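File shown here: run35.txt, holding compact mmCIF, C-alpha atoms.
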# COMPACT_ATOMS: atom_id res chain seq x y z
CA MET K 1 -20.62 74.09 53.45
CA THR K 2 -20.01 76.46 56.35
CA THR K 3 -17.74 75.34 59.18
CA HIS K 4 -17.65 76.71 62.69
CA SER K 5 -14.37 77.04 64.62
CA CYS K 6 -13.93 76.75 68.36
CA SER K 7 -12.29 79.93 69.62
CA ALA K 8 -10.57 78.06 72.49
CA CYS K 9 -8.88 75.21 70.60
CA GLY K 10 -9.46 75.86 66.89
CA LYS K 11 -11.38 72.63 66.17
CA GLN K 12 -13.75 72.75 63.18
CA PHE K 13 -17.42 71.75 63.37
CA ALA K 14 -20.11 71.34 60.71
CA SER K 15 -22.89 72.94 62.76
CA GLU K 16 -23.34 75.61 65.36
CA GLU K 17 -25.00 73.02 67.60
CA ALA K 18 -21.95 70.68 67.46
CA LEU K 19 -19.68 73.62 68.28
CA SER K 20 -21.91 74.54 71.22
CA HIS K 21 -21.81 70.99 72.63
CA HIS K 22 -18.05 70.85 72.18
CA ALA K 23 -17.54 74.19 73.91
CA ALA K 24 -19.66 73.10 76.87
CA ASP K 25 -18.01 69.67 77.16
CA ALA K 26 -14.41 70.64 76.48
CA HIS K 27 -14.21 74.21 77.72
CA GLY K 28 -17.16 74.68 80.07
CA PRO K 29 -16.85 75.94 83.66
CA ASN K 30 -16.77 72.40 85.14
CA THR K 31 -13.97 71.12 82.91
CA ARG K 32 -11.32 73.38 84.42
CA LYS K 33 -11.37 71.57 87.77
CA LYS K 34 -11.18 68.18 86.08
CA ARG K 35 -8.16 69.20 84.02
CA GLN K 36 -6.24 70.91 86.81
CA ALA K 37 -2.77 69.42 87.15
CA PRO K 38 -2.19 67.57 90.43
CA TYR K 39 0.95 69.57 91.23
CA LYS K 40 -1.16 72.70 91.60
CA ARG K 41 -2.80 71.11 94.63
CA LEU K 42 0.49 71.00 96.53
CA SER K 43 1.04 73.80 98.96
CA LEU K 44 4.16 75.92 98.86
CA PRO K 45 5.58 74.36 102.07
CA ALA K 46 5.05 70.87 100.62
CA ILE K 47 6.93 71.80 97.46
CA GLY K 48 9.74 73.23 99.59
CA LEU K 49 9.95 70.02 101.60
CA VAL K 50 10.09 67.87 98.46
CA LEU K 51 12.84 70.06 96.96
CA THR K 52 14.85 69.93 100.20
CA ILE K 53 14.66 66.13 100.29
CA VAL K 54 15.70 65.86 96.65
CA LEU K 55 18.65 68.21 97.15
CA VAL K 56 19.83 66.48 100.32
CA LEU K 57 19.56 62.98 98.83
CA GLY K 58 20.98 64.08 95.49
CA GLY K 59 23.93 65.73 97.19
CA GLY K 60 24.57 62.62 99.27
CA ILE K 61 24.48 60.40 96.22
CA THR K 62 26.80 62.74 94.34
CA LEU K 63 29.24 62.88 97.23
CA GLY K 64 29.07 59.14 97.76
CA LEU K 65 29.70 58.25 94.14
CA SER K 66 32.15 60.94 93.15
CA GLY K 67 35.12 58.82 94.13
CA ALA K 68 33.91 55.97 91.94
CA PHE K 69 34.33 58.05 88.80
CA THR K 70 37.49 59.94 89.65
CA ALA K 71 40.84 58.30 89.06
CA ASP K 72 43.46 58.71 91.75
CA THR K 73 46.56 59.64 89.80
CA GLY K 74 48.76 59.74 92.88
CA SER K 75 48.64 55.97 93.40
CA SER K 76 49.40 54.82 89.86
CA GLN K 77 52.88 53.88 88.74
CA TYR K 78 51.91 55.35 85.36
CA THR K 79 51.26 58.91 86.55
CA ALA K 80 54.60 60.27 85.31
CA PHE K 81 54.14 58.46 81.99
CA ALA K 82 50.62 59.92 81.54
CA GLN K 83 51.92 63.39 82.42
CA CYS K 84 54.69 63.02 79.85
CA LEU K 85 52.17 62.05 77.14
CA ASP K 86 50.17 65.15 78.05
CA SER K 87 53.22 67.44 77.95
CA GLU K 88 54.25 65.94 74.58
CA ASN K 89 50.73 66.69 73.24
CA ALA K 90 49.88 63.07 72.50
CA THR K 91 46.07 62.98 72.26
CA MET K 92 43.65 60.10 72.36
CA TYR K 93 40.33 60.46 70.52
CA GLY K 94 37.56 58.10 71.56
CA ALA K 95 33.97 57.52 72.56
CA TYR K 96 32.51 56.78 75.97
CA TRP K 97 30.81 53.59 74.72
CA CYS K 98 33.89 52.18 72.94
CA PRO K 99 35.22 48.97 74.57
CA HIS K 100 38.72 49.45 73.11
CA CYS K 101 38.83 52.99 74.54
CA LYS K 102 37.89 51.59 77.94
CA GLU K 103 40.62 48.97 77.62
CA GLN K 104 43.14 51.69 76.68
CA LYS K 105 42.17 53.82 79.68
CA GLU K 106 42.41 50.85 82.06
CA ARG K 107 46.01 50.20 81.00
CA PHE K 108 46.94 53.43 82.79
CA GLU K 109 45.69 52.02 86.12
CA GLY K 110 44.03 55.23 87.28
CA ALA K 111 46.38 57.77 85.69
CA PHE K 112 44.44 58.24 82.44
CA ASN K 113 42.74 61.45 83.57
CA THR K 114 46.12 63.16 83.08
CA VAL K 115 46.21 62.17 79.39
CA ASP K 116 44.81 64.57 76.77
CA TYR K 117 41.54 62.89 75.76
CA VAL K 118 38.93 64.10 73.27
CA GLU K 119 35.41 62.67 73.47
CA CYS K 120 34.02 62.31 69.96
CA ASP K 121 30.47 61.18 70.72
CA PRO K 122 28.06 64.10 71.23
CA LYS K 123 26.40 62.20 74.10
CA GLY K 124 29.63 61.78 76.09
CA ASP K 125 31.16 64.06 78.73
CA ASN K 126 32.70 67.25 77.32
CA PRO K 127 32.09 66.17 73.71
CA GLN K 128 34.03 67.70 70.83
CA PRO K 129 32.57 65.99 67.75
CA GLN K 130 33.52 68.88 65.47
CA LEU K 131 37.20 68.55 66.44
CA CYS K 132 37.03 64.80 65.80
CA LYS K 133 35.49 65.44 62.40
CA GLN K 134 38.11 68.11 61.64
CA LYS K 135 40.89 65.66 62.58
CA GLY K 136 39.32 62.94 60.41
CA ILE K 137 38.79 60.51 63.27
CA GLN K 138 37.05 57.42 61.88
CA SER K 139 37.78 54.72 64.49
CA TYR K 140 38.31 54.57 68.23
CA PRO K 141 40.62 54.90 69.91
CA THR K 142 42.82 57.03 67.67
CA TRP K 143 46.03 58.54 69.02
CA ILE K 144 47.59 61.57 67.34
CA TYR K 145 51.18 62.60 68.15
CA GLN K 146 53.18 65.13 66.11
CA GLY K 147 50.75 64.84 63.19
CA GLU K 148 51.01 61.04 63.03
CA ARG K 149 48.07 58.83 63.98
CA ARG K 150 47.74 55.32 65.34
CA THR K 151 44.46 53.49 65.82
CA GLY K 152 43.38 50.82 68.24
CA ALA K 153 44.24 50.21 71.89
CA LEU K 154 48.02 50.55 72.05
CA SER K 155 50.19 48.96 74.69
CA LEU K 156 51.91 51.38 77.02
CA GLU K 157 55.21 50.12 75.60
CA GLN K 158 54.06 51.11 72.08
CA LEU K 159 53.07 54.56 73.32
CA SER K 160 56.41 54.92 75.12
CA SER K 161 58.43 53.90 72.05
CA TRP K 162 56.41 56.19 69.78
CA THR K 163 56.45 59.31 71.98
CA GLY K 164 59.76 58.89 73.82
CA CYS K 165 58.01 59.08 77.18
CA GLU K 166 59.72 56.85 79.71
CA LEU K 167 57.66 53.97 81.05
CA GLN K 168 58.60 52.70 84.49
CA GLN K 169 58.17 48.95 84.74
CA LYS K 170 56.70 47.24 87.81
Could the structure of this file be written out as structure tokens, please?
Amino acid sequence: MTTHSCSACGKQFASEEALSHHAADAHGPNTRKKRQAPYKRLSLPAIGLVLTIVLVLGGGITLGLSGAFTADTGSSQYTAFAQCLDSENATMYGAYWCPHCKEQKERFEGAFNTVDYVECDPKGDNPQPQLCKQKGIQSYPTWIYQGERRTGALSLEQLSSWTGCELQQK
């Protein structure tokens, strides 16, 4: 049995007549207008206006929310402690979705962004899953200090005792 192929889309047909009907219906001169994407109807000035609005609103949202995601290390009593952990190369490995990691970060009352943190989930911010795999991280959070590891959300007192970093009490 001979088959006939459509040169436009490659579909196979049993008869020349079926191919001819297909070509007229699917690829004929009137089908192009029906299939034209709606965005092609927008004029260049309209596209420019839409882009300007998106950029202005997007920038406003970014500026308005940026403070909500940035910790203010200057106001936390734990800033010096977090800086000491960083200088001593104590590193916390975690995942953005991990509730115990969140709890650990909150214990620093806004000073955590000074601590050396490695995001292990590929979907998180600045992910380093290969480093986590190389270090053998299997649970979150995991702290590593001088080759020793501790897992779970540690109290700041435990971190202080382990690393020798002084913790100022309230």
Please give the centre and size of the box around stretch 106-112 of chain K (axis-aligned, containing every atom listed in the file, 6 Å added per side), with values in Å to one decimal and written as JSON.
{"center_x": 44.7, "center_y": 54.2, "center_z": 84.1, "size_x": 16.5, "size_y": 20.0, "size_z": 18.3}
Problem set entry | Residue with smallest distance to K:Gly94 - pool K:Glu106, K:Asp116, K:Asp121, K:Glu148, counting all atoms listed in the file | K:Asp121
Problem set entry | Two-atom distance - atom CA of K:Gln128, atom CA of K:Leu167 (Å) | 29.2 Å
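The interatomic distance for the pair atom CA of K:Ala90 and atom CA of K:Ile144 works out to 5.8 Å.
Among the candidate residues K:Gln146, K:Thr3, K:Ser161, K:Thr114, the one lying nearest to K:Ser76 is K:Thr114, with distances computed using only C-alpha atoms.
As for atom CA of K:Leu156 and atom CA of K:Gly124, they are spaced 24.6 Å apart.
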For this session: Go through K:Tyr145, K:Tyr117, K:Phe112, K:Tyr140 one by one, measure the shortest atom-to-atom distance of each to K:Cys98 using only C-alpha atoms, and give the residue with the smallest value.
Result: K:Tyr140
Problem set entry | Spatial neighbours of K:Lys123, max dist 12 Å, only C-alpha atoms, sep filter under 5 positions, as a ChimeraX atom specification | /K:95-97,128-129
Residues within 10 Å of stretch 4-11 of chain K, please, as a PDB file with C-alpha atoms, in the coordinates of the input. Count only C-alpha atoms; anything in the same chain fewer than 4 positions from it doesn't count.
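This went into result_0.pdb:
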ATOM      1  CA  SER K  15     -22.890  72.940  62.760  1.00  0.00           C
ATOM      2  CA  GLU K  16     -23.340  75.610  65.360  1.00  0.00           C
ATOM      3  CA  GLU K  17     -25.000  73.020  67.600  1.00  0.00           C
ATOM      4  CA  ALA K  18     -21.950  70.680  67.460  1.00  0.00           C
ATOM      5  CA  LEU K  19     -19.680  73.620  68.280  1.00  0.00           C
ATOM      6  CA  SER K  20     -21.910  74.540  71.220  1.00  0.00           C
ATOM      7  CA  HIS K  22     -18.050  70.850  72.180  1.00  0.00           C
ATOM      8  CA  ALA K  23     -17.540  74.190  73.910  1.00  0.00           C
ATOM      9  CA  ALA K  26     -14.410  70.640  76.480  1.00  0.00           C
ATOM     10  CA  HIS K  27     -14.210  74.210  77.720  1.00  0.00           C
TER      11      HIS K  27
END
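With all atoms listed in the file as the atoms that count, the residue of K:Gly110, K:Gly136, K:Glu166, K:His100 with the shortest distance to K:Leu154 is K:His100.
Using all atoms listed in the file for every distance, the candidate list K:Gln77, K:Thr52, K:Ile137, K:Gly152 yields K:Gly152 as the residue closest to K:Pro99.
In terms of minimum interatomic distance to K:Gln158, K:Gln104 ranks closest within K:Gln104, K:Thr79, K:His21, K:Gln130, counting all atoms listed in the file.
By only C-alpha atoms, and with residues fewer than 4 positions from K:Leu85 along its chain excluded, the set lying at most 8 Å from it is Phe81, Asn89, Ala90, Thr91, Val115, Asp116, Thr163 and Cys165 of chain K.
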Using only C-alpha atoms, please write the residues we just selected to a file, as an mmCIF file, in the coordinates of the input.
data_model
loop_
_atom_site.group_PDB
_atom_site.id
_atom_site.type_symbol
_atom_site.label_atom_id
_atom_site.label_comp_id
_atom_site.auth_asym_id
_atom_site.auth_seq_id
_atom_site.Cartn_x
_atom_site.Cartn_y
_atom_site.Cartn_z
ATOM 1 C CA PHE K 81 54.140 58.460 81.990
ATOM 2 C CA ASN K 89 50.730 66.690 73.240
ATOM 3 C CA ALA K 90 49.880 63.070 72.500
ATOM 4 C CA THR K 91 46.070 62.980 72.260
ATOM 5 C CA VAL K 115 46.210 62.170 79.390
ATOM 6 C CA ASP K 116 44.810 64.570 76.770
ATOM 7 C CA THR K 163 56.450 59.310 71.980
ATOM 8 C CA CYS K 165 58.010 59.080 77.180
#
